[in-house]
Amino acid sequence: MGNTMIRRFLPVVTTFVWSAAALAQQAPAAPDRTILPIPQPPRPTFTELDARNVRMPPRFDVKAPAGAPNVVVILIDDLGFGAPGPFGGPIPMPTLDQLARDGIRYNNFHTTALCSPTRMALKTGRNHHQGEAGSIMETSTGFPGNTGQVPNSVAPVAEMLRLNGYSTAAFGKWHETAAWETSVSGPFDRWPTHQGFDKFYGFIGGETNQWAPFLYDGVKPVELPHDPNYHFMTDMTDKAVTWVRHQQAMTPDKPFFVYFAPGATHAPHHVPKEWIARWKGKFDQGWDTLRGETLARQIRLGVVPQGTKLAPKPDGIKDWDKLSSDEKRLFVRQAEVFAAFAEMTDHEIGRLMKAIRDMGELDNTLVVYIAGDNGASAEGGMNGTFNEMSYFNGVEEKVQDMLKNLDKWGDPETYPHMSAGWAVALNAPFTWTKQIASSYGGTRNGMVVHWPKGIKAKGEVRSQFHHVIDIAPTILEAAGLPEPKSVNGTPQVPMAGVSMAYSFDDRTAKDRRVTQYFEMFGNRAIYHDGWLAGTIHKVPWEARVRRPLADDVWELYDVRSDFSLTRDLARDNPGKLAELQALFMTEAEKYNVLPIDDRLLERFDATLVGRPDIMAGRNSITLAEGMVGMAENVFLNVKNKSKTITADIELPRGKKANGTIIAQGGRFGGWSLYVKDGVPAYEYNFLGMERTRIASKTRLKPGKARLRFEFAYDGGGPGKGGMGRLFVDGRKVAEGRIARTQPAIFSGDETADIGIDLGTPVVESIGSEAKSRFSGRIPNVTVEIAVPQKSGALDPADAARKEAAVRKAMAD
């Protein structure tokens, strides 16, 4: 080869050698997964002009660790420790049972005693106050630990998995978005698709009508199918199955994370009649006998120790044999419907498990099935409710009135909840219920973990003390991932949870969670090294707290030998009690639990508690057709005050006008201004119990019209009535008295809508969804309240007066 030829090839060879060396230097041994997103390595630079002469650099691609399992977390709502059959309860749950037989059961696992806080702790691995979820989103306050706005420094495990190469999806209940951030204006930072999930299909709030839910696909509202057999539990399962199959069809080597959180078994207890029929007569023995039967099964199954005693019922729960025949008939039906709801839910979960098994993925899928986000709910009060909103408005429904609707219980015309007696029974062998964070009746839930490829044990019970904050660290360890120090540019608060993986194949392993605080609405406790100290401060069916926070009476239990908390040792061991009380205060200060706010119903009013309100300082809002889906917390608060609704409408020619102009709420409480066969009218629906219609006697003419409805509130406290007057083009056409109004809330999931009534109908004759759509045009609707809401903090005296008024209304 001549010198000329050598000189011609030398730059190419030199460039190739340099490039190869550069690429070798750019190939990291392993990515740093403690910083998320994983930093992309520096890109090599080249001097060669022609790409054909240079080796292409390796593509930077984030992948999950080799062999990382799929993950499915299932969280049932309001299901007590003593409800599911695999934990000794009366309700067979075959899917949970099969997973338990092939996996392991945890009988010493704990939640926070309430919905949003448990979900926050579950998804972040931090205590719920660290995630600003001291209570549910709708009762957030201005105090740290309770603001409802999860900070960026508390990133969810879903985001950690997504940034490590997982596909992620959430289905069902969310209840983790600040109440004032649920409008079209957002911000959407705390919606599911900004909290680690590629896909979300479900409802944003705390509960939904299973027959007529208000759903989102991502951030887009979903139009429900016109199917008389529609039920959300089946729908969400269908969507989850489709997503998993699609994800694996497209990327079979990419693991998935599914968060599957049904609205069941939270009220309303909605379930098809064929499921209810399976339960006829199975609760005739009553709640007292059921508690004893459940404990016997629990001992036989080994999910509670031999010698465990049944804790006493709360004083407020009547003995079954002292109930009237009417009470028994009503209460039995309530339990039958609840059990059917739970059984149906487990069946649907079984369909999801079957889909994963049919794809050949179940063996390497870590399934965490948590049977309840807290204890069973006593929020139905002593009698239960035909309409759960009665409880939140301080109205107790009468047995005789509910019996009239017994055959409808659970169908679309109901919004039911069960008696507190059943909640206590379904939390056996413990005393208390949901909301009671100081008792295992509120915080102990059964859990099953199933992962054939990662867990050798089958059908065994684990009794190490654990808490819902331990789920996220467990997932990370199973996936071979470190806890990140930074996520999306924000340094992270370290997880408070510990991984449970050490216990998977070692039933005798020493507990790694030694200390855990609990707090909810003043009910508080501390667990430490086999001891539990706590105080019952507020009971769901009692209108007032039992005593001031500083005067609370504490109890002490040695849970190593007293599984069901039956032997209070506070008097025998005051030193240990004082030690644990001091430890509670230390943990409470550390995790933003202080100051404790023991208000409940008052906290639904943003102006009382310093919660942001996008309507704060405003006394009016002007809307137009097409503006729909406005949740109660982002709409002008018209409760307990005078209001005026002014609507400019255009009526069609050649046919009678029909449809909703504006509606808020639905079948179980709300109001609507509408036109029926050309006649304008206003209807107030008090909890589905009393409907007041104020209507013109003459039809509107085609063309433009201005409707105005004025409501003059009586005053004198919350929930009072007033006079309503309807005007057409400035002329009064009707008036009438509305005897009483809902003081606290219209609905947990219904919305305010212009030109249509989504969900269930406020006015039955108008209907809902497409049937209720206004046949004309609505250029604008203005809603005004007589007294502007104050922005910022209330004057303390004013706040105290308002709080006292709400308390009095709830007690009356």
# chains A, B, ... in the order shown; residues from 1 in each chain; ligands from 1
>>> select_by_dssp(residues="segment 111-197 of chain A", states="strand (DSSP E or B)", output="MDAnalysis selection string")
chainID A and resid 167:173
>>> residues_around(residues="segment 118-135 of chain A", least_positions_apart="3", cutoff="7 Å", atoms="only C-alpha atoms", output="ChimeraX atom specification")
/A:111-112,114-115,139-140,144-151,154-157,176,373,468-473,495-497,520,591-593
>>> select_by_dssp(residues="segment 536-785 of chain A", states="helix (DSSP H, G or I)", output="MDAnalysis selection string")
chainID A and resid 549:551 574:590 601:604 606:609 632:634 770:772
>>> decode(residues="segment 327-358 of chain A", atoms="N, CA, C and O atoms", output="compact mmCIF listing (two decimals), in the first residue's frame")
# COMPACT_ATOMS: atom_id res chain seq x y z
N GLU A 327 -86.98 -3.54 62.98
CA GLU A 327 -85.56 -3.23 62.94
C GLU A 327 -84.77 -4.41 62.40
O GLU A 327 -83.88 -4.25 61.54
N LYS A 328 -85.07 -5.60 62.88
CA LYS A 328 -84.35 -6.78 62.42
C LYS A 328 -84.53 -6.99 60.92
O LYS A 328 -83.57 -7.31 60.20
N ARG A 329 -85.76 -6.82 60.44
CA ARG A 329 -86.03 -7.03 59.01
C ARG A 329 -85.23 -6.05 58.16
O ARG A 329 -84.65 -6.43 57.14
N LEU A 330 -85.19 -4.80 58.59
CA LEU A 330 -84.44 -3.79 57.84
C LEU A 330 -82.94 -4.07 57.90
O LEU A 330 -82.25 -4.06 56.87
N PHE A 331 -82.45 -4.34 59.09
CA PHE A 331 -81.01 -4.50 59.26
C PHE A 331 -80.49 -5.76 58.56
O PHE A 331 -79.38 -5.75 58.02
N VAL A 332 -81.28 -6.82 58.55
CA VAL A 332 -80.87 -8.03 57.84
C VAL A 332 -80.69 -7.73 56.36
O VAL A 332 -79.71 -8.17 55.73
N ARG A 333 -81.65 -7.00 55.80
CA ARG A 333 -81.55 -6.66 54.37
C ARG A 333 -80.29 -5.84 54.09
O ARG A 333 -79.61 -6.04 53.07
N GLN A 334 -79.96 -4.92 54.98
CA GLN A 334 -78.76 -4.10 54.79
C GLN A 334 -77.51 -4.98 54.71
O GLN A 334 -76.64 -4.77 53.86
N ALA A 335 -77.41 -5.96 55.60
CA ALA A 335 -76.25 -6.85 55.61
C ALA A 335 -76.20 -7.73 54.36
O ALA A 335 -75.12 -8.00 53.82
N GLU A 336 -77.35 -8.18 53.91
CA GLU A 336 -77.39 -9.01 52.71
C GLU A 336 -76.85 -8.25 51.51
O GLU A 336 -76.08 -8.79 50.70
N VAL A 337 -77.24 -6.98 51.39
CA VAL A 337 -76.79 -6.17 50.26
C VAL A 337 -75.29 -5.90 50.36
O VAL A 337 -74.55 -5.97 49.37
N PHE A 338 -74.83 -5.58 51.57
CA PHE A 338 -73.39 -5.33 51.75
C PHE A 338 -72.57 -6.57 51.38
O PHE A 338 -71.56 -6.48 50.66
N ALA A 339 -72.98 -7.72 51.87
CA ALA A 339 -72.25 -8.96 51.59
C ALA A 339 -72.24 -9.25 50.10
O ALA A 339 -71.22 -9.69 49.54
N ALA A 340 -73.37 -9.02 49.43
CA ALA A 340 -73.45 -9.23 47.99
C ALA A 340 -72.48 -8.32 47.25
O ALA A 340 -71.83 -8.72 46.27
N PHE A 341 -72.37 -7.08 47.73
CA PHE A 341 -71.47 -6.10 47.12
C PHE A 341 -70.02 -6.59 47.24
O PHE A 341 -69.25 -6.54 46.27
N ALA A 342 -69.65 -7.08 48.42
CA ALA A 342 -68.29 -7.56 48.62
C ALA A 342 -68.01 -8.80 47.77
O ALA A 342 -66.94 -8.94 47.17
N GLU A 343 -68.98 -9.71 47.71
CA GLU A 343 -68.79 -10.94 46.94
C GLU A 343 -68.65 -10.64 45.46
O GLU A 343 -67.79 -11.21 44.76
N MET A 344 -69.49 -9.74 44.96
CA MET A 344 -69.40 -9.36 43.55
C MET A 344 -68.05 -8.72 43.24
O MET A 344 -67.44 -8.97 42.19
N THR A 345 -67.57 -7.90 44.16
CA THR A 345 -66.29 -7.22 43.95
C THR A 345 -65.16 -8.22 43.83
O THR A 345 -64.30 -8.12 42.93
N ASP A 346 -65.12 -9.20 44.72
CA ASP A 346 -64.09 -10.22 44.66
C ASP A 346 -64.19 -11.02 43.36
O ASP A 346 -63.17 -11.41 42.77
N HIS A 347 -65.41 -11.26 42.90
CA HIS A 347 -65.61 -11.96 41.62
C HIS A 347 -64.98 -11.17 40.48
O HIS A 347 -64.31 -11.75 39.61
N GLU A 348 -65.18 -9.86 40.47
CA GLU A 348 -64.61 -9.04 39.40
C GLU A 348 -63.08 -9.03 39.48
O GLU A 348 -62.39 -9.06 38.45
N ILE A 349 -62.54 -8.99 40.68
CA ILE A 349 -61.09 -9.07 40.84
C ILE A 349 -60.58 -10.40 40.29
O ILE A 349 -59.51 -10.47 39.68
N GLY A 350 -61.38 -11.43 40.48
CA GLY A 350 -61.03 -12.74 39.92
C GLY A 350 -60.91 -12.70 38.41
O GLY A 350 -60.07 -13.40 37.82
N ARG A 351 -61.75 -11.92 37.76
CA ARG A 351 -61.65 -11.79 36.29
C ARG A 351 -60.32 -11.16 35.89
O ARG A 351 -59.70 -11.54 34.89
N LEU A 352 -59.87 -10.16 36.67
CA LEU A 352 -58.57 -9.55 36.38
C LEU A 352 -57.44 -10.55 36.60
O LEU A 352 -56.51 -10.65 35.79
N MET A 353 -57.51 -11.30 37.69
CA MET A 353 -56.47 -12.31 37.94
C MET A 353 -56.45 -13.36 36.84
O MET A 353 -55.37 -13.81 36.41
N LYS A 354 -57.61 -13.77 36.38
CA LYS A 354 -57.68 -14.77 35.31
C LYS A 354 -57.03 -14.25 34.04
O LYS A 354 -56.30 -14.98 33.34
N ALA A 355 -57.25 -12.99 33.71
CA ALA A 355 -56.65 -12.40 32.51
C ALA A 355 -55.13 -12.43 32.60
O ALA A 355 -54.44 -12.75 31.63
N ILE A 356 -54.61 -12.11 33.78
CA ILE A 356 -53.15 -12.12 33.96
C ILE A 356 -52.62 -13.55 33.90
O ILE A 356 -51.56 -13.80 33.31
N ARG A 357 -53.35 -14.47 34.50
CA ARG A 357 -52.94 -15.88 34.44
C ARG A 357 -52.98 -16.41 33.01
O ARG A 357 -52.06 -17.12 32.57
N ASP A 358 -54.02 -16.06 32.26
CA ASP A 358 -54.14 -16.54 30.89
C ASP A 358 -53.02 -16.02 30.00
O ASP A 358 -52.69 -16.65 28.98
